[in-house]
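S.K.: Quick one: this structure, given as structure tokens, is what I'll be asking you about.
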Amino acid sequence: MGSLFKLLLFVVMVGVASEITGGAKEPPEGEVDFLKAAKDEDMFEWLKSVRREIHRHPELMFEEFNTSELIRQELDAMGVHYEWPFARTGVVVTIGSGTSPVVALRADMDALPLQELVDWEHKSVNTGKMHACGHDAHVTMLLGAAKLLHQHKAKLKGTIRLIFQPAEEGGGGAAHMVREGALGDAEAIFAMHVAPDVPIGTISSIPGPILAGSSVFEVVIEGRGGHAGMPHITTDPVLATSLVILSLQQIVSRESDPLDSQVCISLLLSSSLLARFFDF
């Protein structure tokens, strides 16, 4: 598989995500200028409308039914072939010759269980749910790639699978998609993530892993209640918990290679402790 072909597919998703300005060379005669096509006014307005519609109606992992329906409606309007469902709500598009090389592009669909606090025209209408991680933009980018690639499918020397994946936020949606055959015969797969601290029109990357995987653990510490004036006959779970939290920080500093990038963090602490304060 030629490196130019892989680079082209990668740039397609960037081009439909934002207004990229300047610096791009004209493509060789006969080749498609995807970046120029992505900046077409009608295309840009359509992308904005799709992203804002998804942002207004966020859905949590494995509940992306309306998002999945919107994706399929847009694909139907384009006349693009797709398969559905994968992992309950996932959608897989196939564009191209049907022959090798086969390359996949992937976007995640789910939102986070957060309340959107910013009041604006396209604020989330689903209480306690928000596209705070940018997956609304990712879906829009992949739909934009689908439209551009479908418009020029006759010039594609290979096959592209566009994968709309559910449950990235802790649900293991990617594993479910793989098990159900979403990758097909893909020889390579590309994905990207928006970042508010990266200037528009910029791609950031490094050799090797760039984004972290995460593992979640839960610990239950049980104690024995009693009177605060007689701590010797009680077992204080609050003190034990505080020591555990502090000790966890030593995992990275004392158990990991200093050249590895790792983080260990305690995200949630809950207790049935009732604190009482008296004023005299």
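Going through the structure tokens in order, the chains are called A, B, and so on, while each chain numbers its residues from 1 and the ligands are numbered from 1 in the order shown.
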Just the residues within 6 Å of Leu112 in chain A, please, counting only C-alpha atoms, with nothing from its chain fewer than 2 positions along; format it as an NGL selection string.
M.R.: :A and (114 or 129-130)
S.K.: Using all heavy atoms, can you export the residues from the last selection as a JSON list (two decimals), in the first residue's frame?
M.R.:
```
[["chain", "number", "residue", "atom", "x", "y", "z"],
["A", 114, "LEU", "N", -22.27, 14.42, 31.42],
["A", 114, "LEU", "CA", -21.98, 15.74, 31.98],
["A", 114, "LEU", "C", -23.10, 16.71, 31.61],
["A", 114, "LEU", "O", -23.71, 16.58, 30.56],
["A", 114, "LEU", "CB", -20.65, 16.28, 31.45],
["A", 114, "LEU", "CG", -19.39, 15.47, 31.77],
["A", 114, "LEU", "CD1", -18.20, 16.06, 31.02],
["A", 114, "LEU", "CD2", -19.13, 15.45, 33.26],
["A", 129, "LYS", "N", -26.27, 15.06, 29.83],
["A", 129, "LYS", "CA", -25.49, 14.45, 28.76],
["A", 129, "LYS", "C", -24.92, 15.56, 27.87],
["A", 129, "LYS", "O", -25.61, 16.53, 27.57],
["A", 129, "LYS", "CB", -26.35, 13.51, 27.91],
["A", 129, "LYS", "CG", -27.01, 12.39, 28.70],
["A", 129, "LYS", "CD", -27.95, 11.56, 27.84],
["A", 129, "LYS", "CE", -28.68, 10.51, 28.66],
["A", 129, "LYS", "NZ", -29.62, 9.71, 27.83],
["A", 130, "MET", "N", -23.67, 15.38, 27.45],
["A", 130, "MET", "CA", -23.02, 16.43, 26.65],
["A", 130, "MET", "C", -21.91, 15.84, 25.79],
["A", 130, "MET", "O", -21.20, 14.93, 26.21],
["A", 130, "MET", "CB", -22.41, 17.49, 27.58],
["A", 130, "MET", "CG", -21.66, 18.59, 26.86],
["A", 130, "MET", "SD", -20.77, 19.68, 28.01],
["A", 130, "MET", "CE", -19.93, 20.75, 26.84]]
```
S.K.: For a quick check of understanding, using only C-alpha atoms, which of A:Gly184, A:Gly201, A:Gly171, A:Gly229 has the smallest distance to Ala111 in chain A?
M.R.: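 Result for the nearest residue to Ala111 in chain A: A:Gly171.
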S.K.: Taking 6 positions as the minimum chain separation for residues in the same chain, which residues sit within 12 Å of Gln73 in chain A when counting only C-alpha atoms? Answer as a PyMOL selection string.
M.R.: chain A and resi 50+66-67+79-82+91+143
S.K.: Those selected residues, please, written with C-alpha atoms and delivered as a tab-separated table (two decimals), in the first residue's frame.
M.R.:
```
chain	number	residue	atom	x	y	z
A	50	VAL	CA	-24.72	18.15	11.10
A	66	ASN	CA	-30.68	8.67	17.29
A	67	THR	CA	-27.08	9.48	16.36
A	79	GLY	CA	-26.50	7.00	-1.89
A	80	VAL	CA	-23.69	5.36	0.06
A	81	HIS	CA	-23.73	1.65	0.89
A	82	TYR	CA	-23.45	0.76	4.58
A	91	VAL	CA	-22.42	1.71	11.24
A	143	LEU	CA	-19.60	11.88	7.24
```
S.K.: If you run DSSP on the backbone here, which positions in range 51-265 of chain A get strand (DSSP E or B)? Please write them as a PyMOL selection string.
M.R.: chain A and resi 82-86+90-96+102-108+112+130+159-165+188-190+224+235
S.K.: Could you please take those selected residues and save N, CA, C and O atoms as a tab-separated table (two decimals), in the first residue's frame?
M.R.:
```tsv
chain	number	residue	atom	x	y	z
A	82	TYR	N	-23.94	0.97	3.22
A	82	TYR	CA	-23.45	0.76	4.58
A	82	TYR	C	-24.07	-0.50	5.18
A	82	TYR	O	-25.08	-1.02	4.67
A	83	GLU	N	-23.46	-0.98	6.24
A	83	GLU	CA	-23.96	-2.12	7.01
A	83	GLU	C	-24.27	-1.66	8.43
A	83	GLU	O	-23.55	-0.84	9.00
A	84	TRP	N	-25.34	-2.23	8.99
A	84	TRP	CA	-25.80	-1.84	10.32
A	84	TRP	C	-26.77	-2.90	10.83
A	84	TRP	O	-27.49	-3.51	10.05
A	85	PRO	N	-26.75	-3.18	12.15
A	85	PRO	CA	-25.92	-2.57	13.20
A	85	PRO	C	-24.69	-3.40	13.52
A	85	PRO	O	-24.66	-4.61	13.34
A	86	PHE	N	-23.67	-2.74	14.02
A	86	PHE	CA	-22.52	-3.36	14.65
A	86	PHE	C	-22.50	-2.87	16.10
A	86	PHE	O	-22.66	-1.68	16.35
A	90	GLY	N	-23.51	0.77	15.92
A	90	GLY	CA	-22.44	1.11	14.99
A	90	GLY	C	-22.83	0.95	13.53
A	90	GLY	O	-23.70	0.14	13.18
A	91	VAL	N	-22.17	1.72	12.67
A	91	VAL	CA	-22.42	1.71	11.24
A	91	VAL	C	-21.08	1.59	10.51
A	91	VAL	O	-20.11	2.22	10.91
A	92	VAL	N	-21.05	0.78	9.45
A	92	VAL	CA	-19.84	0.62	8.65
A	92	VAL	C	-20.16	0.89	7.19
A	92	VAL	O	-21.06	0.27	6.61
A	93	VAL	N	-19.42	1.80	6.59
A	93	VAL	CA	-19.60	2.20	5.19
A	93	VAL	C	-18.47	1.60	4.36
A	93	VAL	O	-17.33	1.53	4.81
A	94	THR	N	-18.78	1.20	3.14
A	94	THR	CA	-17.76	0.72	2.21
A	94	THR	C	-17.83	1.55	0.93
A	94	THR	O	-18.88	1.67	0.31
A	95	ILE	N	-16.69	2.14	0.55
A	95	ILE	CA	-16.60	2.96	-0.65
A	95	ILE	C	-15.35	2.54	-1.42
A	95	ILE	O	-14.31	2.31	-0.82
A	96	GLY	N	-15.47	2.47	-2.74
A	96	GLY	CA	-14.31	2.17	-3.55
A	96	GLY	C	-14.51	0.99	-4.47
A	96	GLY	O	-15.64	0.58	-4.77
A	102	VAL	N	-7.24	-2.13	1.35
A	102	VAL	CA	-8.42	-1.76	2.12
A	102	VAL	C	-7.96	-0.97	3.34
A	102	VAL	O	-7.15	-1.45	4.14
A	103	VAL	N	-8.46	0.25	3.45
A	103	VAL	CA	-8.08	1.14	4.55
A	103	VAL	C	-9.35	1.56	5.29
A	103	VAL	O	-10.38	1.81	4.67
A	104	ALA	N	-9.27	1.65	6.61
A	104	ALA	CA	-10.42	2.04	7.42
A	104	ALA	C	-10.18	3.41	8.06
A	104	ALA	O	-9.06	3.74	8.45
A	105	LEU	N	-11.25	4.19	8.15
A	105	LEU	CA	-11.27	5.44	8.90
A	105	LEU	C	-12.33	5.29	9.98
A	105	LEU	O	-13.42	4.79	9.72
A	106	ARG	N	-12.05	5.76	11.19
A	106	ARG	CA	-12.96	5.49	12.31
A	106	ARG	C	-13.29	6.76	13.08
A	106	ARG	O	-12.45	7.63	13.26
A	107	ALA	N	-14.53	6.85	13.53
A	107	ALA	CA	-14.98	7.94	14.41
A	107	ALA	C	-15.84	7.37	15.51
A	107	ALA	O	-16.60	6.41	15.29
A	108	ASP	N	-15.75	7.94	16.71
A	108	ASP	CA	-16.58	7.51	17.83
A	108	ASP	C	-17.82	8.40	17.93
A	108	ASP	O	-17.81	9.55	17.49
A	112	LEU	N	-20.73	12.16	26.89
A	112	LEU	CA	-20.35	11.95	28.29
A	112	LEU	C	-21.50	12.32	29.23
A	112	LEU	O	-22.33	13.17	28.90
A	130	MET	N	-23.67	15.38	27.45
A	130	MET	CA	-23.02	16.43	26.65
A	130	MET	C	-21.91	15.84	25.79
A	130	MET	O	-21.20	14.93	26.21
A	159	THR	N	-10.21	0.24	-1.51
A	159	THR	CA	-11.47	0.26	-0.79
A	159	THR	C	-11.29	0.95	0.55
A	159	THR	O	-10.28	0.75	1.23
A	160	ILE	N	-12.29	1.72	0.93
A	160	ILE	CA	-12.25	2.44	2.21
A	160	ILE	C	-13.45	2.01	3.03
A	160	ILE	O	-14.59	2.02	2.55
A	161	ARG	N	-13.20	1.65	4.26
A	161	ARG	CA	-14.27	1.33	5.22
A	161	ARG	C	-14.33	2.47	6.23
A	161	ARG	O	-13.33	2.80	6.88
A	162	LEU	N	-15.48	3.07	6.36
A	162	LEU	CA	-15.70	4.15	7.31
A	162	LEU	C	-16.48	3.57	8.49
A	162	LEU	O	-17.60	3.09	8.32
A	163	ILE	N	-15.88	3.63	9.67
A	163	ILE	CA	-16.43	2.95	10.84
A	163	ILE	C	-16.93	3.98	11.86
A	163	ILE	O	-16.14	4.78	12.38
A	164	PHE	N	-18.23	3.96	12.11
A	164	PHE	CA	-18.84	4.80	13.15
A	164	PHE	C	-19.02	3.92	14.38
A	164	PHE	O	-19.88	3.05	14.42
A	165	GLN	N	-18.19	4.17	15.39
A	165	GLN	CA	-18.09	3.28	16.54
A	165	GLN	C	-18.83	3.81	17.76
A	165	GLN	O	-18.65	4.97	18.14
A	188	ALA	N	-5.07	-1.29	7.29
A	188	ALA	CA	-4.64	-0.19	8.16
A	188	ALA	C	-5.89	0.58	8.57
A	188	ALA	O	-6.92	0.54	7.88
A	189	ILE	N	-5.82	1.24	9.70
A	189	ILE	CA	-6.95	2.03	10.18
A	189	ILE	C	-6.44	3.35	10.74
A	189	ILE	O	-5.38	3.38	11.39
A	190	PHE	N	-7.16	4.43	10.47
A	190	PHE	CA	-6.77	5.76	10.92
A	190	PHE	C	-7.91	6.38	11.71
A	190	PHE	O	-9.09	6.20	11.38
A	224	ARG	N	-15.50	0.03	60.96
A	224	ARG	CA	-16.44	-0.24	62.06
A	224	ARG	C	-16.68	1.08	62.78
A	224	ARG	O	-15.75	1.77	63.21
A	235	THR	N	-12.81	1.17	63.68
A	235	THR	CA	-11.93	1.01	62.52
A	235	THR	C	-12.30	2.10	61.52
A	235	THR	O	-13.38	2.05	60.93
```
S.K.: Residues of range 24-215 of chain A in alpha helix (DSSP H) according to DSSP, as a VMD selection string?
M.R.: chain A and resid 34 to 38 41 to 56 65 to 78 135 to 151 173 to 179
S.K.: I'd like the interatomic distance between CA of Gln151 in chain A and CA of Thr99 in chain A, to a tenth of an Å.
M.R.: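 Going from CA of Gln151 in chain A over to CA of Thr99 in chain A, I get 18.2 Å.
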S.K.: With range 38-49 of chain A as the partner and 10 Å as the cut-off, tabulate the residues of range 134-237 of chain A that qualify, each row holding the nearest pair of atoms and their distance in Å to one decimal, using only C-alpha atoms, sorted by chain and rising number, as a Markdown table.
M.R.:
```
| residue | atom | partner | partner_atom | distance |
| --- | --- | --- | --- | --- |
| A:Ala137 | CA | A:Leu47 | CA | 9.0 |
| A:Val139 | CA | A:Leu47 | CA | 10.0 |
| A:Thr140 | CA | A:Leu47 | CA | 6.2 |
| A:Met141 | CA | A:Leu47 | CA | 7.7 |
| A:Leu143 | CA | A:Leu47 | CA | 8.3 |
| A:Gly144 | CA | A:Leu47 | CA | 6.8 |
| A:Ala145 | CA | A:Ala38 | CA | 8.7 |
| A:Lys147 | CA | A:Met43 | CA | 9.2 |
| A:Leu148 | CA | A:Ala38 | CA | 7.6 |
```
S.K.: Can you write out the residues you just picked, keeping all heavy atoms, as a PDB file, in the first residue's frame?
M.R.:
```
ATOM      1  N   ALA A 137     -18.006  16.212  16.582  1.00  0.00           N
ATOM      2  CA  ALA A 137     -17.138  16.647  15.487  1.00  0.00           C
ATOM      3  C   ALA A 137     -16.564  15.445  14.738  1.00  0.00           C
ATOM      4  O   ALA A 137     -16.471  15.455  13.504  1.00  0.00           O
ATOM      5  CB  ALA A 137     -16.010  17.518  16.027  1.00  0.00           C
ATOM      6  N   VAL A 139     -17.864  12.437  14.279  1.00  0.00           N
ATOM      7  CA  VAL A 139     -18.890  11.867  13.399  1.00  0.00           C
ATOM      8  C   VAL A 139     -19.075  12.736  12.159  1.00  0.00           C
ATOM      9  O   VAL A 139     -19.168  12.241  11.031  1.00  0.00           O
ATOM     10  CB  VAL A 139     -20.227  11.719  14.153  1.00  0.00           C
ATOM     11  CG1 VAL A 139     -21.356  11.341  13.191  1.00  0.00           C
ATOM     12  CG2 VAL A 139     -20.111  10.664  15.242  1.00  0.00           C
ATOM     13  N   THR A 140     -19.108  14.042  12.369  1.00  0.00           N
ATOM     14  CA  THR A 140     -19.278  14.967  11.255  1.00  0.00           C
ATOM     15  C   THR A 140     -18.110  14.861  10.278  1.00  0.00           C
ATOM     16  O   THR A 140     -18.301  14.856   9.053  1.00  0.00           O
ATOM     17  CB  THR A 140     -19.380  16.411  11.780  1.00  0.00           C
ATOM     18  OG1 THR A 140     -20.455  16.494  12.720  1.00  0.00           O
ATOM     19  CG2 THR A 140     -19.624  17.386  10.643  1.00  0.00           C
ATOM     20  N   MET A 141     -16.907  14.770  10.791  1.00  0.00           N
ATOM     21  CA  MET A 141     -15.725  14.627   9.939  1.00  0.00           C
ATOM     22  C   MET A 141     -15.815  13.379   9.077  1.00  0.00           C
ATOM     23  O   MET A 141     -15.509  13.408   7.876  1.00  0.00           O
ATOM     24  CB  MET A 141     -14.476  14.578  10.821  1.00  0.00           C
ATOM     25  CG  MET A 141     -14.160  15.882  11.526  1.00  0.00           C
ATOM     26  SD  MET A 141     -13.138  15.681  13.008  1.00  0.00           S
ATOM     27  CE  MET A 141     -11.620  15.039  12.333  1.00  0.00           C
ATOM     28  N   LEU A 143     -18.536  11.705   8.226  1.00  0.00           N
ATOM     29  CA  LEU A 143     -19.604  11.879   7.235  1.00  0.00           C
ATOM     30  C   LEU A 143     -19.111  12.743   6.074  1.00  0.00           C
ATOM     31  O   LEU A 143     -19.433  12.484   4.907  1.00  0.00           O
ATOM     32  CB  LEU A 143     -20.840  12.513   7.881  1.00  0.00           C
ATOM     33  CG  LEU A 143     -21.727  11.581   8.698  1.00  0.00           C
ATOM     34  CD1 LEU A 143     -22.811  12.383   9.436  1.00  0.00           C
ATOM     35  CD2 LEU A 143     -22.395  10.534   7.795  1.00  0.00           C
ATOM     36  N   GLY A 144     -18.337  13.785   6.392  1.00  0.00           N
ATOM     37  CA  GLY A 144     -17.765  14.615   5.337  1.00  0.00           C
ATOM     38  C   GLY A 144     -16.824  13.822   4.451  1.00  0.00           C
ATOM     39  O   GLY A 144     -16.833  13.960   3.218  1.00  0.00           O
ATOM     40  N   ALA A 145     -16.016  12.966   5.071  1.00  0.00           N
ATOM     41  CA  ALA A 145     -15.129  12.100   4.293  1.00  0.00           C
ATOM     42  C   ALA A 145     -15.936  11.166   3.408  1.00  0.00           C
ATOM     43  O   ALA A 145     -15.572  10.924   2.250  1.00  0.00           O
ATOM     44  CB  ALA A 145     -14.229  11.302   5.239  1.00  0.00           C
ATOM     45  N   LYS A 147     -18.878  11.697   2.077  1.00  0.00           N
ATOM     46  CA  LYS A 147     -19.430  12.441   0.943  1.00  0.00           C
ATOM     47  C   LYS A 147     -18.358  12.704  -0.113  1.00  0.00           C
ATOM     48  O   LYS A 147     -18.588  12.484  -1.313  1.00  0.00           O
ATOM     49  CB  LYS A 147     -20.033  13.757   1.423  1.00  0.00           C
ATOM     50  CG  LYS A 147     -20.540  14.646   0.301  1.00  0.00           C
ATOM     51  CD  LYS A 147     -21.339  15.831   0.818  1.00  0.00           C
ATOM     52  CE  LYS A 147     -22.738  15.433   1.220  1.00  0.00           C
ATOM     53  NZ  LYS A 147     -23.623  16.600   1.447  1.00  0.00           N
ATOM     54  N   LEU A 148     -17.189  13.174   0.309  1.00  0.00           N
ATOM     55  CA  LEU A 148     -16.125  13.474  -0.647  1.00  0.00           C
ATOM     56  C   LEU A 148     -15.639  12.214  -1.367  1.00  0.00           C
ATOM     57  O   LEU A 148     -15.446  12.215  -2.593  1.00  0.00           O
ATOM     58  CB  LEU A 148     -14.961  14.138   0.069  1.00  0.00           C
ATOM     59  CG  LEU A 148     -15.176  15.571   0.546  1.00  0.00           C
ATOM     60  CD1 LEU A 148     -13.946  16.049   1.313  1.00  0.00           C
ATOM     61  CD2 LEU A 148     -15.463  16.501  -0.616  1.00  0.00           C
TER      62      LEU A 148
END
```
S.K.: What lies within 9 Å of Met109 in chain A using only C-alpha atoms, ignoring chain neighbours under 3 positions off, as a list in words?
M.R.: Pro58, Glu59, Leu60, Met61, Glu64, Thr67, Ser68, Gly90, His135, Asp136, His138, Val139, Phe164, Gln165, Pro166, Ala167 and Glu168 of chain A
S.K.: Go ahead and dump the residues you just picked, all heavy atoms, as a tab-separated table (two decimals), in the first residue's frame.
M.R.:
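Printed below is again.tsv as written:
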```tsv
chain	number	residue	atom	x	y	z
A	58	PRO	N	-26.95	14.64	22.45
A	58	PRO	CA	-25.92	13.67	22.83
A	58	PRO	C	-26.53	12.41	23.43
A	58	PRO	O	-27.58	12.44	24.07
A	58	PRO	CB	-25.12	14.43	23.89
A	58	PRO	CG	-26.11	15.38	24.49
A	58	PRO	CD	-27.01	15.79	23.37
A	59	GLU	N	-25.85	11.29	23.21
A	59	GLU	CA	-26.30	10.00	23.75
A	59	GLU	C	-25.10	9.25	24.32
A	59	GLU	O	-24.00	9.31	23.78
A	59	GLU	CB	-26.96	9.17	22.64
A	59	GLU	CG	-28.21	9.82	22.07
A	59	GLU	CD	-28.73	9.10	20.85
A	59	GLU	OE1	-28.00	9.06	19.83
A	59	GLU	OE2	-29.85	8.57	20.89
A	60	LEU	N	-25.33	8.54	25.42
A	60	LEU	CA	-24.26	7.82	26.10
A	60	LEU	C	-23.95	6.50	25.41
A	60	LEU	O	-24.64	6.09	24.47
A	60	LEU	CB	-24.64	7.60	27.56
A	60	LEU	CG	-24.98	8.85	28.38
A	60	LEU	CD1	-25.28	8.48	29.82
A	60	LEU	CD2	-23.85	9.88	28.30
A	61	MET	N	-22.90	5.83	25.90
A	61	MET	CA	-22.40	4.62	25.24
A	61	MET	C	-23.48	3.55	25.09
A	61	MET	O	-24.25	3.28	26.02
A	61	MET	CB	-21.22	4.06	26.01
A	61	MET	CG	-21.48	3.71	27.45
A	61	MET	SD	-19.95	3.10	28.22
A	61	MET	CE	-20.56	2.76	29.88
A	64	GLU	N	-26.59	5.22	21.41
A	64	GLU	CA	-26.49	6.21	20.32
A	64	GLU	C	-27.48	5.91	19.19
A	64	GLU	O	-27.14	5.94	18.00
A	64	GLU	CB	-25.06	6.25	19.77
A	64	GLU	CG	-23.97	6.35	20.82
A	64	GLU	CD	-23.44	5.00	21.23
A	64	GLU	OE1	-24.16	3.99	21.08
A	64	GLU	OE2	-22.29	4.93	21.71
A	67	THR	N	-28.30	9.12	17.09
A	67	THR	CA	-27.08	9.48	16.36
A	67	THR	C	-26.86	8.53	15.20
A	67	THR	O	-26.54	8.95	14.08
A	67	THR	CB	-25.87	9.47	17.30
A	67	THR	OG1	-26.10	10.33	18.41
A	67	THR	CG2	-24.61	9.92	16.57
A	68	SER	N	-27.03	7.25	15.46
A	68	SER	CA	-26.87	6.25	14.41
A	68	SER	C	-27.90	6.45	13.30
A	68	SER	O	-27.58	6.33	12.11
A	68	SER	CB	-27.01	4.84	15.01
A	68	SER	OG	-26.89	3.84	14.02
A	90	GLY	N	-23.51	0.77	15.92
A	90	GLY	CA	-22.44	1.11	14.99
A	90	GLY	C	-22.83	0.95	13.53
A	90	GLY	O	-23.70	0.14	13.18
A	135	HIS	N	-16.88	14.11	20.13
A	135	HIS	CA	-17.29	13.03	19.24
A	135	HIS	C	-18.34	13.49	18.23
A	135	HIS	O	-18.49	12.86	17.18
A	135	HIS	CB	-17.83	11.86	20.05
A	135	HIS	CG	-16.80	11.22	20.94
A	135	HIS	ND1	-17.03	10.06	21.66
A	135	HIS	CD2	-15.53	11.60	21.23
A	135	HIS	CE1	-15.95	9.76	22.35
A	135	HIS	NE2	-15.03	10.67	22.11
A	136	ASP	N	-19.05	14.57	18.54
A	136	ASP	CA	-19.96	15.14	17.54
A	136	ASP	C	-19.17	15.63	16.33
A	136	ASP	O	-19.59	15.47	15.18
A	136	ASP	CB	-20.79	16.27	18.15
A	136	ASP	CG	-19.94	17.30	18.90
A	136	ASP	OD1	-18.80	16.99	19.27
A	136	ASP	OD2	-20.44	18.41	19.14
A	138	HIS	N	-16.20	14.39	15.45
A	138	HIS	CA	-15.62	13.21	14.81
A	138	HIS	C	-16.61	12.58	13.84
A	138	HIS	O	-16.24	12.21	12.72
A	138	HIS	CB	-15.21	12.19	15.87
A	138	HIS	CG	-14.16	12.69	16.81
A	138	HIS	ND1	-13.80	12.01	17.96
A	138	HIS	CD2	-13.41	13.82	16.81
A	138	HIS	CE1	-12.86	12.69	18.59
A	138	HIS	NE2	-12.61	13.79	17.92
A	139	VAL	N	-17.86	12.44	14.28
A	139	VAL	CA	-18.89	11.87	13.40
A	139	VAL	C	-19.08	12.74	12.16
A	139	VAL	O	-19.17	12.24	11.03
A	139	VAL	CB	-20.23	11.72	14.15
A	139	VAL	CG1	-21.36	11.34	13.19
A	139	VAL	CG2	-20.11	10.66	15.24
A	164	PHE	N	-18.23	3.96	12.11
A	164	PHE	CA	-18.84	4.80	13.15
A	164	PHE	C	-19.02	3.92	14.38
A	164	PHE	O	-19.88	3.05	14.42
A	164	PHE	CB	-20.18	5.35	12.66
A	164	PHE	CG	-20.06	6.28	11.49
A	164	PHE	CD1	-20.08	5.78	10.19
A	164	PHE	CD2	-19.93	7.65	11.67
A	164	PHE	CE1	-19.98	6.63	9.10
A	164	PHE	CE2	-19.83	8.51	10.58
A	164	PHE	CZ	-19.85	7.99	9.29
A	165	GLN	N	-18.19	4.17	15.39
A	165	GLN	CA	-18.09	3.28	16.54
A	165	GLN	C	-18.83	3.81	17.76
A	165	GLN	O	-18.65	4.97	18.14
A	165	GLN	CB	-16.62	3.09	16.90
A	165	GLN	CG	-16.39	2.28	18.18
A	165	GLN	CD	-15.09	2.64	18.87
A	165	GLN	OE1	-14.05	2.73	18.23
A	165	GLN	NE2	-15.15	2.86	20.18
A	166	PRO	N	-19.63	2.99	18.42
A	166	PRO	CA	-20.25	3.39	19.69
A	166	PRO	C	-19.33	3.16	20.86
A	166	PRO	O	-18.28	2.50	20.75
A	166	PRO	CB	-21.46	2.45	19.78
A	166	PRO	CG	-20.99	1.20	19.11
A	166	PRO	CD	-20.08	1.66	17.98
A	167	ALA	N	-19.70	3.71	22.01
A	167	ALA	CA	-19.13	3.34	23.32
A	167	ALA	C	-17.62	3.43	23.39
A	167	ALA	O	-16.95	2.49	23.81
A	167	ALA	CB	-19.60	1.92	23.68
A	168	GLU	N	-17.08	4.59	23.03
A	168	GLU	CA	-15.65	4.79	23.25
A	168	GLU	C	-15.36	5.18	24.69
A	168	GLU	O	-14.29	4.89	25.21
A	168	GLU	CB	-15.14	5.89	22.30
A	168	GLU	CG	-13.62	6.07	22.28
A	168	GLU	CD	-13.11	7.00	23.37
A	168	GLU	OE1	-13.91	7.81	23.91
A	168	GLU	OE2	-11.91	6.94	23.69
```
S.K.: Kindly indicate which residue among A:Val220, A:Leu156, A:Met192, A:Met230 lies nearest to Ser204 in chain A, using only C-alpha atoms for the distances.
M.R.: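 Among A:Val220, A:Leu156, A:Met192, A:Met230, it is A:Met192 that comes nearest to Ser204 in chain A.
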S.K.: Measure the distance from CA of Glu74 in chain A to CA of Ala146 in chain A in Å and round it to one decimal.
M.R.: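 These two atoms are separated by 9.8 Å.
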S.K.: To one decimal in Å, tell me the separation between CA of Asp119 in chain A and CA of Thr202 in chain A.
M.R.: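 Between CA of Asp119 in chain A and CA of Thr202 in chain A the gap is 28.4 Å.
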S.K.: With only C-alpha atoms as the basis for distance, which of A:Arg88, A:His150, A:His122, A:Arg56 is at the shortest distance from Leu75 in chain A?
M.R.: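 Between A:Arg88, A:His150, A:His122, A:Arg56, the residue approaching Leu75 in chain A most closely is A:His150.
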S.K.: Would you mind telling me which residue in A:Ala191, A:Val263, A:Ile251, A:Leu239 lies nearest to Leu142 in chain A when using only C-alpha atoms?
M.R.: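 For Leu142 in chain A, the nearest of the candidates is A:Ala191.
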